[in-house]
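Participant: So here's run38.cif, just mmCIF, C-alpha atoms:
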```
data_work
loop_
_atom_site.label_atom_id
_atom_site.label_comp_id
_atom_site.auth_asym_id
_atom_site.auth_seq_id
_atom_site.Cartn_x
_atom_site.Cartn_y
_atom_site.Cartn_z
CA MET R 1 -0.78 -18.81 8.16
CA THR R 2 -3.34 -16.49 6.64
CA PHE R 3 -5.49 -13.48 7.45
CA THR R 4 -7.94 -11.34 5.50
CA LEU R 5 -8.27 -7.60 5.80
CA GLY R 6 -11.52 -5.98 4.73
CA VAL R 7 -11.36 -2.27 3.86
CA ALA R 8 -14.05 -0.48 1.86
CA ASP R 9 -15.65 -3.78 0.85
CA ILE R 10 -12.32 -4.91 -0.60
CA ALA R 11 -11.01 -8.15 0.89
CA THR R 12 -7.25 -8.69 0.89
CA ARG R 13 -6.07 -12.17 1.82
CA VAL R 14 -2.49 -12.49 3.01
CA VAL R 15 -0.86 -15.92 3.05
CA CYS R 16 2.48 -17.29 4.19
CA ASP R 17 3.33 -20.93 3.57
CA GLU R 18 6.39 -20.99 5.84
CA PRO R 19 5.39 -22.80 9.06
CA ALA R 20 7.96 -20.96 11.15
CA VAL R 21 6.52 -17.58 10.28
CA ALA R 22 3.70 -15.80 12.09
CA LEU R 23 1.87 -13.00 10.32
CA THR R 24 0.75 -10.06 12.38
CA VAL R 25 -1.59 -7.10 12.03
CA SER R 26 -1.15 -4.26 14.47
CA GLY R 27 -3.07 -1.27 15.70
CA ALA R 28 -6.35 -0.20 14.19
CA ALA R 29 -5.96 -2.61 11.28
CA ARG R 30 -6.97 -5.42 13.64
CA ARG R 31 -10.51 -4.00 13.66
CA PHE R 32 -10.65 -4.60 9.93
CA LEU R 33 -9.83 -8.30 10.02
CA VAL R 34 -12.61 -10.38 8.50
CA PRO R 35 -13.35 -14.10 8.36
CA GLU R 36 -11.69 -16.01 5.56
CA GLY R 37 -13.74 -16.05 2.39
CA PRO R 38 -13.68 -14.84 -1.22
CA ALA R 39 -10.87 -12.35 -1.66
CA ASP R 40 -10.45 -9.50 -4.12
CA VAL R 41 -6.69 -9.41 -3.58
CA THR R 42 -4.35 -12.24 -2.66
CA ILE R 43 -0.83 -11.63 -1.36
CA GLN R 44 1.82 -14.25 -0.75
CA VAL R 45 4.44 -13.48 1.89
CA GLU R 46 7.99 -14.84 1.89
CA ARG R 47 11.38 -14.22 3.44
CA ALA R 48 14.54 -13.68 1.47
CA SER R 49 18.16 -13.78 2.56
CA SER R 50 18.78 -10.59 0.61
CA LEU R 51 16.92 -8.12 -1.56
CA GLU R 52 17.87 -5.57 -4.13
CA ASP R 53 16.02 -3.04 -6.22
CA PRO R 54 14.73 -4.49 -9.49
CA ARG R 55 16.85 -3.74 -12.52
CA ALA R 56 13.87 -2.27 -14.27
CA GLU R 57 12.23 1.02 -15.17
CA LYS R 58 11.72 3.26 -12.15
CA LEU R 59 8.26 4.79 -12.39
CA PHE R 60 8.21 6.85 -9.22
CA ASP R 61 10.36 7.79 -6.25
CA SER R 62 8.56 9.14 -3.20
CA GLY R 63 11.78 10.67 -1.97
CA LEU R 64 11.62 8.78 1.30
CA VAL R 65 10.51 5.23 2.00
CA TRP R 66 9.23 3.80 -1.27
CA ARG R 67 9.99 3.61 -4.95
CA LEU R 68 7.96 2.01 -7.73
CA TYR R 69 9.35 0.01 -10.63
CA ARG R 70 7.84 -1.56 -13.71
CA ASP R 71 9.44 -4.95 -14.12
CA GLY R 72 8.07 -6.72 -17.16
CA GLY R 73 4.34 -6.85 -16.62
CA ASP R 74 4.58 -6.35 -12.87
CA PHE R 75 4.70 -3.38 -10.55
CA VAL R 76 7.33 -3.61 -7.81
CA PHE R 77 7.43 -1.43 -4.71
CA SER R 78 10.81 -1.17 -3.02
CA PHE R 79 10.96 -0.02 0.60
CA THR R 80 14.09 1.34 2.26
CA SER R 81 14.75 3.20 5.49
CA ALA R 82 17.55 5.57 6.49
CA SER R 83 17.71 3.82 9.85
CA LEU R 84 18.60 0.53 8.19
CA THR R 85 20.77 -0.34 5.22
CA PRO R 86 20.43 1.18 1.77
CA VAL R 87 19.14 -2.11 0.41
CA PRO R 88 15.40 -2.74 0.49
CA TYR R 89 13.97 -4.14 3.69
CA LYS R 90 10.90 -5.19 1.76
CA LEU R 91 9.75 -5.65 -1.82
CA ALA R 92 6.14 -5.95 -2.96
CA ARG R 93 5.45 -7.22 -6.48
CA PHE R 94 1.96 -6.99 -7.99
CA ASP R 95 0.36 -7.85 -11.30
CA THR R 96 -1.12 -5.08 -13.44
CA SER R 97 -4.51 -5.41 -11.80
CA PHE R 98 -3.03 -5.23 -8.29
CA THR R 99 -5.11 -8.25 -7.32
CA ASN R 100 -2.24 -10.67 -6.96
CA GLY R 101 1.08 -10.00 -5.34
CA THR R 102 4.08 -11.20 -3.39
CA VAL R 103 5.68 -9.43 -0.43
CA SER R 104 9.29 -10.35 0.27
CA PHE R 105 11.06 -9.45 3.52
CA ASN R 106 14.80 -9.03 3.73
CA ARG R 107 15.80 -11.24 6.67
CA ALA R 108 18.98 -9.26 7.15
CA CYS R 109 16.91 -6.20 8.07
CA LEU R 110 14.56 -7.84 10.55
CA LEU R 111 15.01 -7.92 14.32
CA ASP R 112 12.83 -11.03 14.42
CA ASP R 113 12.23 -12.75 11.09
CA ARG R 114 9.68 -15.13 12.58
CA VAL R 115 7.01 -12.44 12.97
CA LEU R 116 6.13 -10.48 9.86
CA GLU R 117 3.72 -7.60 9.31
CA PRO R 118 3.20 -7.59 5.54
CA LEU R 119 0.76 -4.68 5.33
CA ASP R 120 2.58 -2.17 7.50
CA PHE R 121 2.89 1.46 6.37
CA PRO R 122 2.91 2.42 3.62
CA LEU R 123 2.26 -0.75 1.62
CA ALA R 124 -1.39 -1.26 2.59
CA GLU R 125 -2.25 2.25 1.47
CA LEU R 126 -0.15 2.03 -1.69
CA LEU R 127 -1.97 -1.14 -2.61
CA MET R 128 -5.33 0.48 -1.89
CA ILE R 129 -4.51 3.62 -3.88
CA ASN R 130 -3.45 1.70 -6.95
CA LEU R 131 -6.29 -0.79 -6.70
CA LEU R 132 -8.91 1.94 -6.29
CA ALA R 133 -7.57 3.73 -9.36
CA ARG R 134 -8.36 0.68 -11.44
CA GLY R 135 -12.07 1.35 -11.27
CA TRP R 136 -12.83 0.71 -7.62
CA GLY R 137 -12.91 4.14 -5.97
CA VAL R 138 -10.67 6.80 -4.45
CA GLU R 139 -8.93 7.43 -1.13
CA ILE R 140 -9.51 10.80 0.46
CA HIS R 141 -7.65 12.78 3.10
CA GLY R 142 -10.52 13.50 5.42
CA CYS R 143 -12.60 12.78 8.48
CA GLY R 144 -15.70 10.68 7.95
CA VAL R 145 -18.73 10.97 10.23
CA ILE R 146 -21.95 8.98 10.41
CA ASP R 147 -24.50 11.07 12.27
CA ARG R 148 -28.09 10.48 13.32
CA GLY R 149 -30.30 8.84 10.72
CA ASN R 150 -27.28 7.30 9.00
CA THR R 151 -26.37 10.72 7.56
CA ALA R 152 -22.73 10.71 6.55
CA TYR R 153 -20.39 13.63 6.04
CA VAL R 154 -16.83 13.95 4.86
CA PHE R 155 -14.71 16.74 6.30
CA ALA R 156 -11.85 16.88 3.85
CA GLY R 157 -8.57 18.64 4.38
CA GLN R 158 -4.82 18.37 4.24
CA SER R 159 -2.63 18.16 7.33
CA GLN R 160 -3.45 20.65 10.09
CA ALA R 161 -6.83 21.50 8.55
CA GLY R 162 -8.60 20.27 11.66
CA LYS R 163 -9.74 16.76 10.78
CA SER R 164 -8.86 15.20 14.10
CA THR R 165 -10.27 18.20 15.96
CA ILE R 166 -13.59 17.96 14.21
CA ALA R 167 -13.57 14.19 14.64
CA ARG R 168 -13.33 14.57 18.41
CA LEU R 169 -16.13 17.17 18.41
CA TRP R 170 -18.50 14.93 16.48
CA HIS R 171 -17.55 11.93 18.58
CA ASP R 172 -18.44 13.85 21.74
CA GLU R 173 -21.85 14.55 20.22
CA GLY R 174 -22.57 10.88 19.65
CA ALA R 175 -21.61 10.39 16.01
CA THR R 176 -19.66 7.44 14.63
CA ILE R 177 -16.25 8.46 13.33
CA LEU R 178 -15.16 6.35 10.38
CA SER R 179 -11.67 7.84 10.43
CA ASP R 180 -10.01 11.09 11.36
CA ASP R 181 -7.57 10.92 8.47
CA ARG R 182 -8.23 8.52 5.60
CA LEU R 183 -11.45 7.51 3.88
CA VAL R 184 -12.46 5.65 0.78
CA LEU R 185 -15.23 6.83 -1.50
CA ARG R 186 -16.90 4.37 -3.85
CA LEU R 187 -19.96 4.31 -6.07
CA ARG R 188 -22.60 1.84 -5.06
CA ASP R 189 -25.90 1.57 -6.97
CA GLY R 190 -25.39 5.06 -8.29
CA ASN R 191 -24.76 6.58 -4.86
CA VAL R 192 -21.51 7.72 -3.31
CA TRP R 193 -20.58 5.77 -0.21
CA VAL R 194 -17.95 6.68 2.35
CA TYR R 195 -15.91 3.99 4.11
CA GLY R 196 -13.71 3.98 7.18
CA THR R 197 -10.14 2.79 6.95
CA PRO R 198 -7.50 1.62 9.44
CA TRP R 199 -5.22 4.57 8.60
CA HIS R 200 -6.15 7.04 11.26
CA GLY R 201 -4.75 10.35 12.46
CA GLU R 202 -3.86 11.74 15.86
CA ALA R 203 -7.30 11.06 17.30
CA GLU R 204 -7.01 7.38 16.28
CA PHE R 205 -10.52 6.90 14.98
CA ALA R 206 -10.89 3.94 12.62
CA VAL R 207 -14.13 2.05 12.17
CA PRO R 208 -14.93 -0.59 9.52
CA ALA R 209 -18.29 0.92 8.65
CA SER R 210 -19.82 2.79 5.73
CA ALA R 211 -22.81 4.91 4.76
CA PRO R 212 -24.25 6.86 1.82
CA LEU R 213 -22.51 10.24 1.66
CA SER R 214 -24.69 13.28 2.20
CA ARG R 215 -22.24 16.19 2.03
CA ILE R 216 -18.59 17.01 1.63
CA PHE R 217 -17.09 19.88 3.59
CA PHE R 218 -13.63 21.33 2.92
CA LEU R 219 -12.20 22.40 6.25
CA ASP R 220 -10.67 25.71 7.11
CA HIS R 221 -9.96 27.45 10.39
CA GLY R 222 -12.12 30.47 11.03
CA ARG R 223 -13.38 33.01 13.53
CA GLU R 224 -16.92 31.80 13.08
CA ASN R 225 -18.76 28.80 11.71
CA ARG R 226 -19.48 29.54 8.09
CA VAL R 227 -20.43 27.51 5.05
CA ARG R 228 -19.63 28.46 1.47
CA PRO R 229 -21.29 26.26 -1.19
CA MET R 230 -18.94 24.96 -3.85
CA ARG R 231 -19.62 23.25 -7.14
CA GLY R 232 -18.13 22.39 -10.47
CA ALA R 233 -14.42 22.75 -11.09
CA GLY R 234 -13.83 24.49 -7.76
CA ALA R 235 -15.22 21.59 -5.76
CA LEU R 236 -13.43 19.09 -7.95
CA ALA R 237 -10.10 20.86 -7.52
CA GLN R 238 -10.50 20.97 -3.76
CA LEU R 239 -11.35 17.29 -3.58
CA PHE R 240 -8.48 16.40 -5.88
CA ALA R 241 -6.11 18.23 -3.54
CA CYS R 242 -7.40 16.00 -0.74
CA SER R 243 -7.13 12.75 -2.67
CA PHE R 244 -4.44 10.14 -3.21
CA PRO R 245 -4.21 9.46 -6.93
CA PRO R 246 -1.47 7.34 -8.49
CA PHE R 247 0.55 10.13 -10.06
CA HIS R 248 2.71 7.70 -12.01
CA ASP R 249 -0.25 6.08 -13.73
CA GLU R 250 -1.95 8.08 -16.49
CA ALA R 251 -4.99 5.81 -16.75
CA GLY R 252 -5.39 5.69 -12.99
CA LEU R 253 -5.10 9.44 -12.72
CA SER R 254 -7.68 9.86 -15.46
CA PHE R 255 -10.09 7.50 -13.74
CA THR R 256 -9.60 9.27 -10.42
CA LEU R 257 -10.39 12.66 -11.92
CA GLU R 258 -13.51 11.34 -13.61
CA LEU R 259 -14.67 9.73 -10.40
CA LEU R 260 -14.04 12.89 -8.39
CA ASP R 261 -16.04 14.78 -11.02
CA THR R 262 -18.91 12.35 -10.56
CA ILE R 263 -18.68 12.60 -6.79
CA THR R 264 -18.71 16.40 -6.68
CA ASP R 265 -21.59 16.37 -9.13
CA ARG R 266 -23.71 14.05 -7.00
CA VAL R 267 -22.75 15.13 -3.49
CA PRO R 268 -23.25 18.74 -2.32
CA CYS R 269 -19.92 20.32 -1.45
CA ALA R 270 -19.07 23.34 0.63
CA GLY R 271 -16.18 25.08 2.30
CA LEU R 272 -16.54 25.02 6.09
CA SER R 273 -14.75 27.50 8.29
CA PHE R 274 -15.22 26.49 11.88
CA LEU R 275 -14.50 27.26 15.48
CA PRO R 276 -13.03 24.30 17.39
CA ASP R 277 -15.98 23.74 19.70
CA ALA R 278 -19.25 21.79 19.73
CA GLY R 279 -21.02 24.65 18.02
CA VAL R 280 -19.83 23.42 14.63
CA VAL R 281 -21.75 20.17 15.10
CA SER R 282 -25.01 22.00 15.76
CA PHE R 283 -24.19 24.34 12.90
CA VAL R 284 -23.76 21.51 10.40
CA ARG R 285 -26.80 19.62 11.68
CA ALA R 286 -28.94 22.72 11.38
CA GLY R 287 -27.86 23.33 7.83
CA THR R 288 -28.43 19.85 6.41
CA MET B 1 -31.60 49.10 -24.51
CA THR B 2 -30.75 46.94 -21.54
CA ILE B 3 -31.61 43.28 -21.67
CA ASN B 4 -32.07 41.37 -18.45
CA PRO B 5 -30.22 38.09 -19.08
CA GLU B 6 -32.46 36.17 -16.74
CA SER B 7 -35.46 37.01 -18.83
CA THR B 8 -34.05 36.09 -22.23
CA PRO B 9 -36.47 33.99 -24.21
CA THR B 10 -33.79 31.39 -24.85
CA GLY B 11 -33.41 30.77 -21.07
CA LYS B 12 -29.64 31.11 -21.18
CA ARG B 13 -27.82 31.48 -17.92
CA PRO B 14 -26.15 34.80 -17.19
CA TYR B 15 -22.56 35.06 -18.28
CA GLN B 16 -20.07 34.59 -15.47
CA LYS B 17 -16.55 35.73 -16.02
CA PRO B 18 -14.10 32.82 -15.60
CA GLU B 19 -12.19 32.94 -12.36
CA LEU B 20 -8.81 31.48 -11.66
CA THR B 21 -8.56 29.78 -8.27
CA GLN B 22 -5.36 28.29 -6.93
CA VAL B 23 -5.62 25.12 -4.86
CA SER B 24 -2.55 24.10 -2.95
CA LEU B 25 -1.25 20.57 -3.28
CA ARG B 26 0.85 18.83 -0.67
CA PRO B 27 2.86 16.37 -2.75
CA GLU B 28 4.71 14.94 0.26
CA GLU B 29 1.35 13.95 1.75
CA ALA B 30 -0.22 12.76 -1.47
CA VAL B 31 2.63 10.33 -2.15
CA LEU B 32 2.73 8.91 1.39
CA GLY B 33 6.24 10.25 1.81
CA GLY B 34 6.46 9.90 5.56
CA CYS B 35 4.68 8.89 8.71
CA LYS B 36 3.91 10.26 12.12
CA VAL B 37 4.59 7.96 15.02
CA THR B 38 4.75 9.22 18.56
CA GLY B 39 8.32 9.53 19.71
CA THR B 40 9.96 9.07 16.32
CA ALA B 41 10.65 11.17 13.28
CA GLY B 42 9.26 8.73 10.77
CA PRO B 43 10.78 6.80 7.87
CA GLY B 44 13.79 8.28 6.24
CA GLN B 45 15.05 9.71 9.54
CA PRO B 46 17.73 8.24 11.82
CA THR B 47 15.23 7.66 14.63
CA CYS B 48 12.87 5.69 12.41
CA ARG B 49 11.94 2.26 13.69
CA THR B 50 10.72 0.93 10.36
CA PRO B 51 10.00 -1.90 9.73
CA ALA B 52 9.29 -2.50 13.41
CA ALA B 53 6.41 -0.06 13.71
CA CYS B 54 4.83 2.57 11.57
CA SER B 55 1.70 4.60 11.08
CA SER B 56 0.03 6.54 8.33
CA LEU B 57 0.95 10.07 7.48
CA GLY B 58 -0.24 12.49 10.10
CA SER B 59 -3.56 14.20 9.81
#
```
Before anything else, please render the file you have as structure tokens.

Facilitator:
Amino acid sequence: MTFTLGVADIATRVVCDEPAVALTVSGAARRFLVPEGPADVTIQVERASSLEDPRAEKLFDSGLVWRLYRDGGDFVFSFTSASLTPVPYKLARFDTSFTNGTVSFNRACLLDDRVLEPLDFPLAELLMINLLARGWGVEIHGCGVIDRGNTAYVFAGQSQAGKSTIARLWHDEGATILSDDRLVLRLRDGNVWVYGTPWHGEAEFAVPASAPLSRIFFLDHGRENRVRPMRGAGALAQLFACSFPPFHDEAGLSFTLELLDTITDRVPCAGLSFLPDAGVVSFVRAGT
Amino acid sequence: MTINPESTPTGKRPYQKPELTQVSLRPEEAVLGGCKVTGTAGPGQPTCRTPAACSSLGS
């Protein structure tokens, strides 16, 4: 069985050669399924009777679900859960380019080992983050909006900044919401484009669309709608704080910073304090 | 004699004193350390249903 997921113009084909196994994609990710065709990433899925962490260099430990190892020339993600056993319930091994990989499920940890969801949280995002850092783009913590005239905005912010709130406000005013939590930014013909992703927030907006990015706003709660232009290092620092760089990877981190520098140089940035009502939509429209 | 920087013949921009601005990072968010699923506490917690169902880190 096979399926292909298309996020930010990156096609990931997932294949399982075991006839007894069905691959599944749940939730908003189903909207991002695309017809089979040329793939940028290919992942093979298999089941294993047991799994263990690689006896290799540990590059990073998230402190919760996942750890990253460097095993020879490969990167290996190990996933464990406190609700299960201490052994990995899943391993994902990728080559250095993150374009070829194998996902192995521990059958001992599965309620039903005939139905597998290879790209469940957080693997799909981990793959995207590491792939983007190899020259493809950057993932941002933000709400993406496509307004009238194909004008796109990013409302960036960490948790509780108001991304889902502002997503609902723009949606009520007729805009397309790419996501209320995660976006991808990529350069395309010299312009910065914003893409929706399946990884939504509380408001559950996730649309497989994209548009040239007009402005970036950094969200903040306020007693009035107010815009404060930002540029240079200040804008870059704010956007970095809302990005998902691979902290374990020096080259990837360097690329991400350079790309964020390019983005904040080409796209006007501003801090946006806002009241949680429709007035902020009119306010932004009037100012751009 | 007072020189107006904006009118200098060299066209140099006025000097701006460097400012230090602190931007907060949320490492637990940036490293995808958890998830928010209705009715559960997310991975790493006893009520977690991983790998049965999961969602991205909350917004």

Participant: May I ask for the distance between atom CA of Ala206 of chain R and atom CA of Asp180 of chain R, given in Å to one decimal place?

Facilitator: 7.3 Å

Participant: Do a neighbour search on Arg266 of chain R at 10 Å with only C-alpha atoms, toss out local chain neighbours closer than 2 positions, and write the hits as a count of residues only.

Facilitator: 13

Participant: Quick check on the file I pasted: which residues fall under the PyMOL selection byres ((chain B and resi 17-20) around 12)? Write them as a count of residues only.

Facilitator: 9

Participant: Taking the file as shown, find all residues satisfying the PyMOL selection byres ((chain R) within 9 of (chain B)) and write them as an NGL selection string.

Facilitator: :R and (26-27 or 62-66 or 80-84 or 89-90 or 109-111 or 117 or 120-122 or 125-126 or 141-142 or 157-164 or 180-182 or 199-203 or 234 or 237-238 or 240-247)

Participant: Determine the residue set returned by the PyMOL selection byres ((chain R and resi 39-46) around 9) for the present structure, and present it as a PyMOL selection string.

Facilitator: chain R and resi 4+10-18+21+23+36-38+47-48+94+98-105+116+118

Participant: Between atom CA of Lys58 of chain R and atom CA of Ala251 of chain R, what is the distance, to one decimal in Å?

Facilitator: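 Straight-line distance from atom CA of Lys58 of chain R to atom CA of Ala251 of chain R works out to 17.5 Å.
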
Participant: By how many Å are atom CA of Pro88 of chain R and atom CA of Arg107 of chain R apart?

Facilitator: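 Separating atom CA of Pro88 of chain R from atom CA of Arg107 of chain R is a distance of 10.5 Å.
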
Participant: Within 9 Å of Ser210 of chain R, counting all atoms listed in the file, which residues qualify if same-chain residues fewer than 3 places away don't, as a ChimeraX atom specification?

Facilitator: /R:8,146,152,178,193-196,207,213

Participant: With distances taken over all atoms listed in the file, which residue among R:Phe274, R:Phe60, R:Phe255, R:Phe283 lies nearest Ala133 of chain R?

Facilitator: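 Closest residue, counting all atoms listed in the file: R:Phe255.
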
Participant: For a cut-off of 12 Å around (18.0, -1.4, -16.8), file coordinates, pick out all residues using only C-alpha atoms and list them as an NGL selection string.

Facilitator: :R and (53-58 or 69-72)

Participant: Anything within 12 Å of (-32.4, 9.1, 9.2): list those residues as a ChimeraX atom specification, counting all atoms listed in the file and sticking to the file's coordinates.

Facilitator: /R:146-152,211-212,214,288

Participant: Between R:Val267, R:Leu275, R:Thr176, R:Arg134, which has the minimum distance to Glu250 of chain R (counting all atoms listed in the file)?

Facilitator: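 For Glu250 of chain R, the nearest of the candidates is R:Arg134.
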
Participant: Taking the partial coordinates given, rebuild segment 57-69 of chain R to contain N, CA and C atoms; return it as a PDB file, in the frame of the given file.

Facilitator:
```pdb
ATOM      1  N   GLU R  57      12.598  -0.392 -15.050  1.00  0.00           N
ATOM      2  CA  GLU R  57      12.230   1.020 -15.170  1.00  0.00           C
ATOM      3  C   GLU R  57      11.672   1.552 -13.861  1.00  0.00           C
ATOM      4  N   LYS R  58      12.243   2.629 -13.355  1.00  0.00           N
ATOM      5  CA  LYS R  58      11.720   3.260 -12.150  1.00  0.00           C
ATOM      6  C   LYS R  58      10.606   4.221 -12.563  1.00  0.00           C
ATOM      7  N   LEU R  59       9.399   3.957 -12.033  1.00  0.00           N
ATOM      8  CA  LEU R  59       8.260   4.790 -12.390  1.00  0.00           C
ATOM      9  C   LEU R  59       8.113   5.988 -11.455  1.00  0.00           C
ATOM     10  N   PHE R  60       8.457   5.781 -10.186  1.00  0.00           N
ATOM     11  CA  PHE R  60       8.210   6.850  -9.220  1.00  0.00           C
ATOM     12  C   PHE R  60       9.101   6.663  -8.012  1.00  0.00           C
ATOM     13  N   ASP R  61       9.559   7.787  -7.475  1.00  0.00           N
ATOM     14  CA  ASP R  61      10.360   7.790  -6.250  1.00  0.00           C
ATOM     15  C   ASP R  61       9.710   8.767  -5.286  1.00  0.00           C
ATOM     16  N   SER R  62       9.238   8.269  -4.149  1.00  0.00           N
ATOM     17  CA  SER R  62       8.560   9.140  -3.200  1.00  0.00           C
ATOM     18  C   SER R  62       9.504  10.118  -2.526  1.00  0.00           C
ATOM     19  N   GLY R  63      10.801   9.817  -2.624  1.00  0.00           N
ATOM     20  CA  GLY R  63      11.780  10.670  -1.970  1.00  0.00           C
ATOM     21  C   GLY R  63      12.107  10.229  -0.558  1.00  0.00           C
ATOM     22  N   LEU R  64      11.348   9.298  -0.044  1.00  0.00           N
ATOM     23  CA  LEU R  64      11.620   8.780   1.300  1.00  0.00           C
ATOM     24  C   LEU R  64      11.586   7.251   1.282  1.00  0.00           C
ATOM     25  N   VAL R  65      10.499   6.663   1.734  1.00  0.00           N
ATOM     26  CA  VAL R  65      10.510   5.230   2.000  1.00  0.00           C
ATOM     27  C   VAL R  65      10.397   4.373   0.752  1.00  0.00           C
ATOM     28  N   TRP R  66       9.558   4.741  -0.200  1.00  0.00           N
ATOM     29  CA  TRP R  66       9.230   3.800  -1.270  1.00  0.00           C
ATOM     30  C   TRP R  66       9.527   4.322  -2.666  1.00  0.00           C
ATOM     31  N   ARG R  67       9.813   3.349  -3.513  1.00  0.00           N
ATOM     32  CA  ARG R  67       9.990   3.610  -4.950  1.00  0.00           C
ATOM     33  C   ARG R  67       9.181   2.565  -5.703  1.00  0.00           C
ATOM     34  N   LEU R  68       8.772   2.921  -6.911  1.00  0.00           N
ATOM     35  CA  LEU R  68       7.960   2.010  -7.730  1.00  0.00           C
ATOM     36  C   LEU R  68       8.672   1.739  -9.035  1.00  0.00           C
ATOM     37  N   TYR R  69       8.721   0.444  -9.380  1.00  0.00           N
ATOM     38  CA  TYR R  69       9.350   0.010 -10.630  1.00  0.00           C
ATOM     39  C   TYR R  69       8.352  -0.742 -11.477  1.00  0.00           C
TER      40      TYR R  69
END
```
